[in-house]
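Shown next: model-v3.cif, containing mmCIF, C-alpha atoms.
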```cif
data_model
#
loop_
_atom_site.label_atom_id
_atom_site.label_comp_id
_atom_site.auth_asym_id
_atom_site.auth_seq_id
_atom_site.Cartn_x
_atom_site.Cartn_y
_atom_site.Cartn_z
CA MET A 1 25.00 -62.28 -9.77
CA LYS A 2 22.43 -59.47 -9.88
CA LYS A 3 23.93 -56.09 -10.80
CA ILE A 4 23.80 -53.33 -8.19
CA ASN A 5 21.27 -50.64 -9.11
CA LYS A 6 22.93 -47.31 -8.30
CA ALA A 7 19.69 -45.45 -7.55
CA SER A 8 18.60 -48.11 -5.08
CA HIS A 9 22.12 -48.29 -3.65
CA TYR A 10 22.29 -44.54 -3.03
CA LYS A 11 18.85 -44.61 -1.43
CA LYS A 12 20.03 -47.26 1.01
CA LEU A 13 23.23 -45.34 1.74
CA LEU A 14 21.20 -42.26 2.65
CA PHE A 15 18.83 -44.28 4.80
CA PHE A 16 21.66 -45.93 6.72
CA ALA A 17 23.51 -42.62 7.08
CA LEU A 18 20.48 -41.09 8.78
CA LYS A 19 18.95 -44.02 10.64
CA ARG A 20 21.59 -46.71 11.08
CA TYR A 21 21.45 -46.56 14.88
CA GLU A 22 17.67 -46.97 15.06
CA GLY A 23 16.31 -50.42 15.89
CA VAL A 24 17.99 -53.20 13.91
CA ASN A 25 19.18 -50.88 11.13
CA TYR A 26 22.86 -51.21 12.02
CA SER A 27 22.71 -54.95 11.50
CA LYS A 28 20.70 -54.46 8.32
CA MET A 29 23.37 -52.06 7.03
CA ARG A 30 26.10 -54.63 7.61
CA GLU A 31 23.99 -57.32 5.94
CA TYR A 32 23.45 -55.07 2.92
CA PHE A 33 27.18 -54.46 2.52
CA THR A 34 27.66 -58.21 2.56
CA GLU A 35 25.61 -58.29 -0.63
CA VAL A 36 27.79 -55.50 -2.09
CA PHE A 37 30.87 -57.54 -1.20
CA LEU A 38 29.47 -60.67 -2.84
CA TYR A 39 28.80 -58.74 -6.04
CA ASP A 40 32.28 -57.22 -6.11
CA ILE A 41 34.06 -60.51 -5.39
CA HIS A 42 32.16 -62.95 -7.60
CA LYS A 43 34.46 -62.49 -10.61
CA PHE A 44 37.43 -63.68 -8.58
CA ILE A 45 36.06 -66.48 -6.42
CA LYS A 46 32.87 -68.51 -6.64
CA ILE A 47 32.14 -69.17 -2.98
CA ASN A 48 30.91 -72.68 -2.23
CA HIS A 49 30.51 -75.07 0.69
CA SER A 50 34.12 -76.29 0.45
CA HIS A 51 35.73 -72.88 1.05
CA LYS A 52 37.35 -71.84 4.32
CA ILE A 53 36.77 -68.15 5.01
CA ILE A 54 37.62 -65.73 7.83
CA ASP A 55 36.32 -62.23 8.51
CA VAL A 56 39.14 -60.51 10.40
CA GLY A 57 37.77 -57.79 12.66
CA GLY A 58 34.22 -58.70 11.69
CA SER A 59 32.59 -57.11 14.76
CA THR A 60 29.35 -58.91 15.65
CA GLY A 61 29.60 -61.27 12.67
CA GLU A 62 26.77 -60.23 10.34
CA PHE A 63 29.02 -60.71 7.30
CA ALA A 64 29.94 -64.21 8.44
CA LYS A 65 26.32 -65.06 9.20
CA VAL A 66 25.05 -64.02 5.77
CA ILE A 67 27.87 -65.80 3.91
CA GLY A 68 27.81 -68.91 6.08
CA THR A 69 24.03 -69.26 5.77
CA LYS A 70 23.93 -68.51 2.05
CA PHE A 71 26.74 -70.86 1.01
CA ASN A 72 26.82 -73.35 3.91
CA CYS A 73 30.58 -72.86 4.07
CA ASP A 74 33.16 -72.87 6.85
CA ILE A 75 33.46 -69.22 7.85
CA VAL A 76 34.73 -67.85 11.15
CA ASN A 77 34.42 -64.35 12.55
CA LEU A 78 37.46 -62.97 14.40
CA ASP A 79 37.12 -59.94 16.66
CA PRO A 80 38.63 -58.89 20.01
CA SER A 81 35.63 -56.93 21.29
CA ASP A 82 33.24 -57.98 24.05
CA ILE A 83 30.06 -57.33 22.08
CA LYS A 84 27.74 -60.32 21.69
CA PRO A 85 28.23 -61.86 18.22
CA VAL A 86 25.56 -63.35 15.95
CA TRP A 87 27.99 -65.93 14.52
CA LYS A 88 30.76 -68.16 15.87
CA THR A 89 33.54 -65.76 16.81
CA LEU A 90 37.13 -66.08 18.01
CA LYS A 91 38.31 -63.31 20.34
CA ASN A 92 41.65 -62.54 18.70
CA GLU A 93 43.29 -59.58 16.96
CA ALA A 94 44.46 -59.30 13.37
CA HIS A 95 48.16 -59.59 14.22
CA GLU A 96 47.58 -62.92 16.00
CA ILE A 97 45.32 -65.18 13.92
CA PRO A 98 45.12 -68.64 15.57
CA PHE A 99 45.26 -70.74 12.39
CA GLU A 100 47.98 -72.60 10.53
CA ASP A 101 49.75 -71.34 7.42
CA ASN A 102 47.92 -71.45 4.07
CA TYR A 103 44.55 -72.23 5.64
CA PHE A 104 41.94 -69.85 4.19
CA ASP A 105 40.60 -69.55 0.64
CA LEU A 106 39.17 -66.09 1.32
CA VAL A 107 40.02 -63.43 3.92
CA LEU A 108 37.87 -60.38 4.63
CA PHE A 109 39.45 -57.39 6.35
CA ARG A 110 36.93 -54.55 6.20
CA GLY A 111 37.10 -51.23 8.01
CA VAL A 112 39.64 -52.58 10.47
CA MET A 113 43.02 -51.13 9.56
CA GLU A 114 42.11 -47.61 10.74
CA HIS A 115 41.56 -49.06 14.23
CA ILE A 116 44.90 -50.87 14.43
CA PRO A 117 47.89 -49.06 16.02
CA LEU A 118 50.50 -48.00 13.48
CA ASN A 119 53.12 -50.42 14.80
CA LYS A 120 50.78 -53.38 14.20
CA GLN A 121 49.33 -52.49 10.80
CA GLN A 122 51.96 -54.13 8.59
CA ILE A 123 52.22 -57.06 11.02
CA SER A 124 48.49 -57.63 10.64
CA LEU A 125 48.67 -57.76 6.85
CA ASN A 126 51.66 -60.09 7.06
CA GLU A 127 49.66 -62.37 9.34
CA ILE A 128 46.73 -62.41 6.92
CA TYR A 129 49.16 -63.34 4.14
CA ARG A 130 50.46 -66.20 6.28
CA VAL A 131 47.05 -67.82 6.87
CA MET A 132 45.81 -67.37 3.28
CA LYS A 133 46.20 -70.23 0.82
CA LYS A 134 48.30 -69.78 -2.30
CA GLU A 135 45.98 -68.33 -4.98
CA GLY A 136 43.65 -67.28 -2.16
CA ILE A 137 41.65 -64.05 -2.35
CA GLY A 138 41.48 -61.12 0.06
CA TYR A 139 38.95 -58.31 0.32
CA PHE A 140 40.49 -55.41 2.26
CA VAL A 141 38.50 -52.21 2.86
CA ILE A 142 39.59 -48.86 4.31
CA PRO A 143 38.15 -45.34 4.36
CA PRO A 144 41.04 -43.22 2.97
CA TRP A 145 41.95 -40.73 5.68
CA TYR A 146 41.42 -37.53 3.70
CA ASN A 147 37.85 -38.37 2.72
CA PRO A 148 35.22 -36.78 5.03
CA HIS A 149 33.77 -40.25 5.68
CA ALA A 150 36.95 -41.58 7.29
CA GLY A 151 36.85 -39.87 10.67
CA HIS A 152 34.18 -41.95 12.41
CA GLY A 153 33.13 -39.96 15.50
CA LEU A 154 35.24 -36.96 14.45
CA LYS A 155 34.20 -36.73 10.80
CA PRO A 156 34.40 -34.52 8.82
CA PHE A 157 36.94 -32.63 10.97
CA HIS A 158 39.36 -35.50 11.67
CA ILE A 159 42.07 -34.19 9.33
CA PHE A 160 42.63 -31.21 11.66
CA PRO A 161 44.76 -31.41 14.81
CA PHE A 162 42.79 -33.39 17.39
CA ALA A 163 41.91 -30.49 19.71
CA ILE A 164 40.47 -28.50 16.80
CA ALA A 165 38.65 -31.51 15.39
CA LYS A 166 37.06 -32.24 18.78
CA PHE A 167 36.03 -28.61 19.27
CA LEU A 168 34.39 -28.38 15.84
CA ARG A 169 32.66 -31.75 16.18
CA ASN A 170 31.20 -30.81 19.56
CA LEU A 171 30.20 -27.40 18.25
CA PHE A 172 28.19 -28.67 15.29
CA PHE A 173 26.90 -32.09 16.40
CA LYS A 174 24.67 -33.22 19.26
CA LYS A 175 26.64 -36.41 19.96
CA LYS A 176 29.69 -35.14 21.83
CA VAL A 177 33.26 -36.42 21.60
CA LYS A 178 34.45 -37.39 25.08
CA TYR A 179 37.83 -38.95 24.34
CA ASP A 180 41.01 -36.87 24.34
CA SER A 181 43.08 -38.31 21.50
CA LEU A 182 42.82 -40.35 18.33
CA GLU A 183 44.60 -43.19 20.09
CA GLU A 184 42.01 -43.20 22.88
CA ALA A 185 39.35 -43.55 20.19
CA SER A 186 41.33 -46.36 18.50
CA LEU A 187 41.48 -44.30 15.33
CA TYR A 188 44.65 -44.17 13.22
CA LYS A 189 45.50 -42.46 9.96
CA ILE A 190 45.59 -44.73 6.92
CA THR A 191 45.66 -43.31 3.40
CA PHE A 192 44.94 -44.95 0.07
CA SER A 193 48.60 -44.98 -0.88
CA GLN A 194 49.78 -46.22 2.54
CA MET A 195 47.39 -49.18 2.44
CA LYS A 196 48.36 -50.01 -1.12
CA LYS A 197 52.06 -49.99 -0.18
CA MET A 198 51.52 -52.23 2.85
CA ILE A 199 49.49 -54.71 0.79
CA ASN A 200 52.36 -54.96 -1.69
CA THR A 201 54.93 -55.23 1.10
CA ALA A 202 53.02 -58.16 2.61
CA GLY A 203 53.37 -59.98 -0.72
CA PHE A 204 49.86 -59.69 -2.13
CA LYS A 205 49.02 -58.79 -5.71
CA ILE A 206 46.21 -56.24 -6.10
CA ILE A 207 43.91 -57.58 -8.83
CA ASP A 208 41.12 -54.99 -8.58
CA MET A 209 39.95 -51.98 -6.56
CA LYS A 210 36.35 -50.95 -5.90
CA ASP A 211 34.65 -47.81 -4.63
CA THR A 212 32.25 -49.64 -2.32
CA HIS A 213 30.00 -46.65 -1.58
CA LEU A 214 29.72 -44.30 -4.55
CA ARG A 215 30.57 -47.02 -7.13
CA PHE A 216 32.86 -44.71 -9.12
CA HIS A 217 35.45 -47.44 -9.53
CA PHE A 218 37.53 -45.50 -12.06
CA LEU A 219 38.55 -43.10 -9.27
CA CYS A 220 40.58 -45.89 -7.68
CA LYS A 221 43.07 -45.47 -10.51
CA VAL A 222 43.36 -41.68 -10.26
CA PRO A 223 46.20 -40.61 -7.93
CA ILE A 224 45.51 -37.73 -5.52
CA LEU A 225 41.77 -37.65 -6.26
CA ARG A 226 41.28 -41.14 -4.85
CA GLU A 227 42.66 -39.97 -1.50
CA PHE A 228 39.84 -37.41 -1.18
CA LEU A 229 36.86 -38.60 -3.21
CA ILE A 230 36.46 -42.28 -2.29
CA PRO A 231 34.62 -42.88 1.01
CA ALA A 232 35.70 -46.52 1.18
CA VAL A 233 37.97 -48.48 -1.15
CA ALA A 234 38.06 -52.26 -1.41
CA TYR A 235 41.37 -53.76 -2.50
CA ILE A 236 40.75 -57.20 -3.98
CA VAL A 237 44.03 -59.09 -3.65
CA LYS A 238 45.52 -62.46 -4.48
CA LYS A 239 48.32 -64.38 -2.80
#
```

Once you've parsed the file, please lay out its structure as C-alpha coordinates.
Amino acid sequence: MKKINKASHYKKLLFFALKRYEGVNYSKMREYFTEVFLYDIHKFIKINHSHKIIDVGGSTGEFAKVIGTKFNCDIVNLDPSDIKPVWKTLKNEAHEIPFEDNYFDLVLFRGVMEHIPLNKQQISLNEIYRVMKKEGIGYFVIPPWYNPHAGHGLKPFHIFPFAIAKFLRNLFFKKKVKYDSLEEASLYKITFSQMKKMINTAGFKIIDMKDTHLRFHFLCKVPILREFLIPAVAYIVKK
(Lines of atoms letter the chains of each structure in order from A and count residues from 1; the text may use other names and numbers.)
(Lines give C-alpha, C1' and ligand atoms only; values in the text may rest on other atoms or scores of the structure.)
Protein backbone atom coordinates (compact mmCIF):
# COMPACT_ATOMS: atom_id res chain seq x y z
CA MET A 1 0.00 0.00 0.00
CA LYS A 2 1.52 3.31 -1.13
CA LYS A 3 2.35 5.64 1.77
CA ILE A 4 0.47 8.94 1.98
CA ASN A 5 2.69 11.89 1.08
CA LYS A 6 1.87 14.63 3.59
CA ALA A 7 2.71 17.53 1.27
CA SER A 8 0.43 16.17 -1.43
CA HIS A 9 -2.22 15.34 1.15
CA TYR A 10 -2.24 18.86 2.59
CA LYS A 11 -2.42 20.32 -0.92
CA LYS A 12 -5.52 18.26 -1.63
CA LEU A 13 -7.08 19.22 1.70
CA LEU A 14 -6.64 22.90 0.87
CA PHE A 15 -8.04 22.42 -2.62
CA PHE A 16 -11.13 20.62 -1.34
CA ALA A 17 -11.61 23.14 1.46
CA LEU A 18 -11.78 25.96 -1.09
CA LYS A 19 -13.37 24.31 -4.11
CA ARG A 20 -15.20 21.18 -2.98
CA TYR A 21 -18.59 22.46 -4.15
CA GLU A 22 -17.40 23.30 -7.66
CA GLY A 23 -18.21 20.84 -10.43
CA VAL A 24 -17.49 17.24 -9.47
CA ASN A 25 -15.02 18.17 -6.72
CA TYR A 26 -17.27 16.99 -3.89
CA SER A 27 -17.35 13.49 -5.33
CA LYS A 28 -13.62 13.64 -5.97
CA MET A 29 -13.05 14.61 -2.33
CA ARG A 30 -15.02 11.61 -1.11
CA GLU A 31 -13.14 9.35 -3.52
CA TYR A 32 -9.82 10.68 -2.23
CA PHE A 33 -10.75 9.97 1.38
CA THR A 34 -11.59 6.43 0.32
CA GLU A 35 -7.92 6.07 -0.57
CA VAL A 36 -6.95 7.50 2.84
CA PHE A 37 -9.25 4.96 4.48
CA LEU A 38 -7.74 2.08 2.52
CA TYR A 39 -4.26 3.11 3.60
CA ASP A 40 -5.25 3.40 7.27
CA ILE A 41 -7.12 0.08 7.33
CA HIS A 42 -4.79 -2.19 5.35
CA LYS A 43 -2.83 -3.35 8.42
CA PHE A 44 -5.99 -4.76 9.96
CA ILE A 45 -7.90 -6.25 7.05
CA LYS A 46 -6.84 -7.17 3.53
CA ILE A 47 -10.00 -6.48 1.58
CA ASN A 48 -10.79 -9.07 -1.09
CA HIS A 49 -13.70 -10.27 -3.21
CA SER A 50 -15.04 -12.56 -0.46
CA HIS A 51 -15.64 -9.79 2.10
CA LYS A 52 -19.05 -8.40 2.97
CA ILE A 53 -18.87 -4.68 3.70
CA ILE A 54 -21.36 -1.93 4.56
CA ASP A 55 -20.93 1.84 4.59
CA VAL A 56 -23.43 3.07 7.18
CA GLY A 57 -24.53 6.62 6.39
CA GLY A 58 -22.46 6.60 3.21
CA SER A 59 -24.39 9.43 1.52
CA THR A 60 -24.28 9.05 -2.27
CA GLY A 61 -22.04 5.98 -2.11
CA GLU A 62 -18.68 7.12 -3.50
CA PHE A 63 -16.83 5.11 -0.84
CA ALA A 64 -18.79 1.99 -1.73
CA LYS A 65 -18.26 2.56 -5.45
CA VAL A 66 -14.48 2.90 -5.15
CA ILE A 67 -14.14 -0.13 -2.85
CA GLY A 68 -16.60 -2.29 -4.74
CA THR A 69 -14.96 -1.54 -8.08
CA LYS A 70 -11.40 -1.91 -6.80
CA PHE A 71 -11.89 -5.20 -4.96
CA ASN A 72 -14.96 -6.64 -6.71
CA CYS A 73 -16.45 -7.31 -3.27
CA ASP A 74 -19.96 -7.32 -1.83
CA ILE A 75 -20.39 -3.80 -0.44
CA VAL A 76 -23.65 -2.00 0.25
CA ASN A 77 -24.24 1.67 0.93
CA LEU A 78 -26.85 2.51 3.59
CA ASP A 79 -28.29 6.02 3.82
CA PRO A 80 -31.74 7.47 4.57
CA SER A 81 -31.46 10.55 2.35
CA ASP A 82 -33.25 11.13 -0.96
CA ILE A 83 -30.15 12.13 -2.91
CA LYS A 84 -29.41 10.02 -5.98
CA PRO A 85 -26.68 7.47 -5.15
CA VAL A 86 -23.85 6.29 -7.40
CA TRP A 87 -23.88 2.78 -5.88
CA LYS A 88 -26.52 0.31 -4.72
CA THR A 89 -28.03 1.90 -1.62
CA LEU A 90 -30.52 0.84 1.05
CA LYS A 91 -32.63 3.66 2.48
CA ASN A 92 -32.28 2.86 6.17
CA GLU A 93 -30.83 4.53 9.26
CA ALA A 94 -27.94 3.39 11.44
CA HIS A 95 -30.16 2.23 14.31
CA GLU A 96 -32.10 -0.10 11.99
CA ILE A 97 -29.73 -2.05 9.74
CA PRO A 98 -31.71 -4.65 7.73
CA PHE A 99 -29.22 -7.52 7.96
CA GLU A 100 -28.84 -10.58 10.15
CA ASP A 101 -26.46 -10.88 13.09
CA ASN A 102 -22.74 -11.38 12.43
CA TYR A 103 -23.03 -10.59 8.72
CA PHE A 104 -20.33 -8.05 7.79
CA ASP A 105 -16.55 -8.39 7.77
CA LEU A 106 -16.07 -4.62 7.67
CA VAL A 107 -18.33 -1.72 8.69
CA LEU A 108 -17.67 1.91 7.80
CA PHE A 109 -19.35 4.64 9.84
CA ARG A 110 -17.79 7.94 8.79
CA GLY A 111 -18.97 11.42 9.71
CA VAL A 112 -22.39 10.13 10.69
CA MET A 113 -22.60 10.14 14.47
CA GLU A 114 -22.75 13.95 14.71
CA HIS A 115 -25.96 13.81 12.64
CA ILE A 116 -27.70 11.20 14.80
CA PRO A 117 -29.98 12.38 17.66
CA LEU A 118 -28.47 11.80 21.09
CA ASN A 119 -31.05 9.18 22.05
CA LYS A 120 -30.11 7.04 19.03
CA GLN A 121 -26.32 7.32 19.10
CA GLN A 122 -25.56 4.38 21.39
CA ILE A 123 -28.35 2.35 19.78
CA SER A 124 -26.69 2.87 16.40
CA LEU A 125 -23.32 1.60 17.61
CA ASN A 126 -25.02 -1.37 19.26
CA GLU A 127 -26.72 -2.16 15.95
CA ILE A 128 -23.42 -2.00 14.09
CA TYR A 129 -21.95 -4.39 16.65
CA ARG A 130 -24.85 -6.77 16.05
CA VAL A 131 -24.38 -7.01 12.27
CA MET A 132 -20.56 -7.26 12.41
CA LYS A 133 -18.93 -10.68 12.35
CA LYS A 134 -16.79 -11.83 15.26
CA GLU A 135 -13.24 -10.57 14.58
CA GLY A 136 -14.77 -8.08 12.13
CA ILE A 137 -13.32 -4.59 11.70
CA GLY A 138 -14.97 -1.19 11.99
CA TYR A 139 -13.81 2.21 10.80
CA PHE A 140 -15.68 4.93 12.71
CA VAL A 141 -14.95 8.61 12.05
CA ILE A 142 -16.15 11.73 13.88
CA PRO A 143 -15.08 15.38 13.98
CA PRO A 144 -14.54 16.01 17.74
CA TRP A 145 -16.96 18.77 18.72
CA TYR A 146 -14.43 21.26 20.08
CA ASN A 147 -12.33 21.32 16.92
CA PRO A 148 -13.19 24.24 14.57
CA HIS A 149 -13.80 21.73 11.76
CA ALA A 150 -16.69 20.01 13.55
CA GLY A 151 -19.46 22.56 13.15
CA HIS A 152 -20.37 22.00 9.50
CA GLY A 153 -22.47 25.03 8.46
CA LEU A 154 -21.82 26.79 11.78
CA LYS A 155 -18.06 26.27 12.01
CA PRO A 156 -15.97 27.63 13.63
CA PHE A 157 -18.58 29.19 15.96
CA HIS A 158 -20.60 26.04 16.75
CA ILE A 159 -19.27 25.72 20.31
CA PHE A 160 -21.12 28.92 21.29
CA PRO A 161 -24.83 28.99 22.15
CA PHE A 162 -26.76 28.54 18.91
CA ALA A 163 -28.07 32.12 18.60
CA ILE A 164 -24.55 33.53 18.97
CA ALA A 165 -23.08 30.95 16.60
CA LYS A 166 -25.69 31.75 13.95
CA PHE A 167 -25.15 35.51 14.32
CA LEU A 168 -21.37 35.23 13.97
CA ARG A 169 -21.58 32.81 11.05
CA ASN A 170 -23.96 35.09 9.16
CA LEU A 171 -21.84 38.11 9.99
CA PHE A 172 -18.58 36.72 8.60
CA PHE A 173 -19.67 34.34 5.82
CA LYS A 174 -21.62 34.82 2.60
CA LYS A 175 -23.52 31.53 2.88
CA LYS A 176 -26.18 32.28 5.49
CA VAL A 177 -27.51 29.96 8.18
CA LYS A 178 -31.29 29.71 7.83
CA TYR A 179 -32.14 27.04 10.39
CA ASP A 180 -33.00 27.95 13.98
CA SER A 181 -31.42 25.18 16.06
CA LEU A 182 -28.76 22.50 15.95
CA GLU A 183 -31.50 19.88 15.89
CA GLU A 184 -33.08 21.48 12.81
CA ALA A 185 -29.67 21.21 11.13
CA SER A 186 -29.34 17.56 12.26
CA LEU A 187 -26.16 18.47 14.12
CA TYR A 188 -25.41 17.00 17.54
CA LYS A 189 -22.48 17.34 19.90
CA ILE A 190 -20.11 14.38 19.98
CA THR A 191 -16.70 14.63 21.62
CA PHE A 192 -13.65 12.40 21.31
CA SER A 193 -14.17 10.97 24.78
CA GLN A 194 -17.93 10.47 24.33
CA MET A 195 -17.43 8.50 21.12
CA LYS A 196 -14.67 6.42 22.68
CA LYS A 197 -16.92 5.57 25.65
CA MET A 198 -19.85 4.58 23.42
CA ILE A 199 -17.61 2.36 21.28
CA ASN A 200 -16.46 0.53 24.41
CA THR A 201 -20.02 0.30 25.74
CA ALA A 202 -21.16 -1.33 22.49
CA GLY A 203 -18.55 -4.05 23.05
CA PHE A 204 -15.90 -3.11 20.51
CA LYS A 205 -12.17 -3.06 21.16
CA ILE A 206 -10.34 -0.01 19.82
CA ILE A 207 -7.21 -1.30 18.07
CA ASP A 208 -5.96 1.98 16.58
CA MET A 209 -6.87 5.65 16.14
CA LYS A 210 -5.95 7.89 13.20
CA ASP A 211 -5.96 11.63 12.58
CA THR A 212 -7.47 11.38 9.09
CA HIS A 213 -6.81 14.99 8.07
CA LEU A 214 -3.61 16.35 9.62
CA ARG A 215 -2.02 12.88 10.04
CA PHE A 216 -0.68 13.69 13.52
CA HIS A 217 -1.73 10.30 14.85
CA PHE A 218 0.11 10.69 18.15
CA LEU A 219 -2.43 13.35 19.17
CA CYS A 220 -5.10 10.66 19.39
CA LYS A 221 -3.38 9.45 22.55
CA VAL A 222 -3.10 12.87 24.21
CA PRO A 223 -6.12 13.64 26.43
CA ILE A 224 -7.59 17.15 26.25
CA LEU A 225 -5.50 18.17 23.23
CA ARG A 226 -7.17 15.56 21.03
CA GLU A 227 -10.56 17.17 21.72
CA PHE A 228 -9.37 20.45 20.16
CA LEU A 229 -6.59 19.70 17.68
CA ILE A 230 -7.88 16.75 15.64
CA PRO A 231 -10.29 17.74 12.83
CA ALA A 232 -11.45 14.15 12.30
CA VAL A 233 -10.49 11.00 14.20
CA ALA A 234 -10.91 7.47 12.89
CA TYR A 235 -11.40 4.77 15.51
CA ILE A 236 -10.38 1.42 14.06
CA VAL A 237 -12.22 -1.21 16.09
CA LYS A 238 -12.57 -4.96 16.32
CA LYS A 239 -15.47 -7.08 17.53

Enumerate, in order of chain and increasing residue number, the residues of stretch 54-135 of chain A with an atom no farther than 10 Å from stretch 38-46 of chain A, each with its shortest atom pair and distance in Å to one decimal, counting all atoms listed in the file, as a tab-separated table.
```
residue	atom	partner	partner_atom	distance
A:Ile67	CA	A:Leu38	CA	8.6
A:Asp105	CA	A:Ile45	CA	8.9
A:Leu106	CA	A:Ile45	CA	8.4
```

Written file, previous selection with C-alpha atoms, as a PDB file, in the coordinates of the input:
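Result file part_24.pdb:
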```
ATOM      1  CA  ILE A  67      27.870 -65.800   3.910  1.00  0.00           C
ATOM      2  CA  ASP A 105      40.600 -69.550   0.640  1.00  0.00           C
ATOM      3  CA  LEU A 106      39.170 -66.090   1.320  1.00  0.00           C
TER       4      LEU A 106
END
```

A:Ser186, A:Asn170, A:Asn25, A:Asn126: which is nearest A:His152, counting only C-alpha atoms?
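Closest to A:His152, using only C-alpha atoms: A:Ser186.
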
Around the point (26.3, -53.6, 4.2), in the coordinates given by the file, pick out the residues reaching within 10 Å, counting only C-alpha atoms, and return them as a ChimeraX atom specification.
/A:12-13,16,26-37,62-63,212-213

Taking the file as I've supplied it (selection: the PyMOL selection byres ((chain A and resi 112) around 10)), which residues are included? Please answer as an MDAnalysis selection string.
chainID A and resid 56:59 79 94 108:111 113:116 121 140:143 187

Residues from the last selection, C-alpha atoms, saved as a PDB file, in the coordinates of the input:
```pdb
ATOM      1  CA  VAL A  56      39.140 -60.510  10.400  1.00  0.00           C
ATOM      2  CA  GLY A  57      37.770 -57.790  12.660  1.00  0.00           C
ATOM      3  CA  GLY A  58      34.220 -58.700  11.690  1.00  0.00           C
ATOM      4  CA  SER A  59      32.590 -57.110  14.760  1.00  0.00           C
ATOM      5  CA  ASP A  79      37.120 -59.940  16.660  1.00  0.00           C
ATOM      6  CA  ALA A  94      44.460 -59.300  13.370  1.00  0.00           C
ATOM      7  CA  LEU A 108      37.870 -60.380   4.630  1.00  0.00           C
ATOM      8  CA  PHE A 109      39.450 -57.390   6.350  1.00  0.00           C
ATOM      9  CA  ARG A 110      36.930 -54.550   6.200  1.00  0.00           C
ATOM     10  CA  GLY A 111      37.100 -51.230   8.010  1.00  0.00           C
ATOM     11  CA  MET A 113      43.020 -51.130   9.560  1.00  0.00           C
ATOM     12  CA  GLU A 114      42.110 -47.610  10.740  1.00  0.00           C
ATOM     13  CA  HIS A 115      41.560 -49.060  14.230  1.00  0.00           C
ATOM     14  CA  ILE A 116      44.900 -50.870  14.430  1.00  0.00           C
ATOM     15  CA  GLN A 121      49.330 -52.490  10.800  1.00  0.00           C
ATOM     16  CA  PHE A 140      40.490 -55.410   2.260  1.00  0.00           C
ATOM     17  CA  VAL A 141      38.500 -52.210   2.860  1.00  0.00           C
ATOM     18  CA  ILE A 142      39.590 -48.860   4.310  1.00  0.00           C
ATOM     19  CA  PRO A 143      38.150 -45.340   4.360  1.00  0.00           C
ATOM     20  CA  LEU A 187      41.480 -44.300  15.330  1.00  0.00           C
TER      21      LEU A 187
END
```

Could you check how far atom CA of A:Val66 sits from atom CA of A:Val86, in Å to one decimal?
10.2 Å

I'd like the neighbourhood of A:Asp74 as a PyMOL selection string, where a residue qualifies if any of its atoms comes within 8 Å (using only C-alpha atoms), though same-chain residues fewer than 5 positions away should be ignored.
chain A and resi 49-53+68

Name the residues captured by the PyMOL selection byres ((chain A and resi 137) around 7) when it is applied to the shown file; answer as a count of residues only.
10

So, with all atoms listed in the file as the atoms that count, which of A:Asn102, A:Leu154, A:Ile230, A:Lys175 lies closest to A:Lys133?
A:Asn102

Residues picked by the PyMOL selection byres ((chain A and resi 221) around 12) here, as a PyMOL selection string?
chain A and resi 192-193+196+208-211+216-220+222-227+229-230+233+235

One decimal, Å: what's the distance from atom CA of A:Gly23 over to atom CA of A:Phe172, could you say?
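Atom-to-atom, atom CA of A:Gly23 to atom CA of A:Phe172, that is 24.8 Å.
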
Have a look at atom CA of A:Gly153 and atom CA of A:Thr89 and let me know their distance in Å, one decimal.
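Going from atom CA of A:Gly153 over to atom CA of A:Thr89 covers 25.8 Å.
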
With distances taken over only C-alpha atoms, which residue among A:Met198, A:Ala232, A:Ile206, A:Ile4 lies nearest A:Pro148?
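Residue with the minimum atom-to-atom distance to A:Pro148: A:Ala232.
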
Box in all listed atoms of stretch 83-96 of chain A, axis-aligned, with 6 Å more on each side; write out centre and edge lengths in Å to one decimal as AutoDock Vina command-line options.
```
--center_x 36.9 --center_y -62.7 --center_z 17.7 --size_x 34.6 --size_y 22.8 --size_z 20.7
```
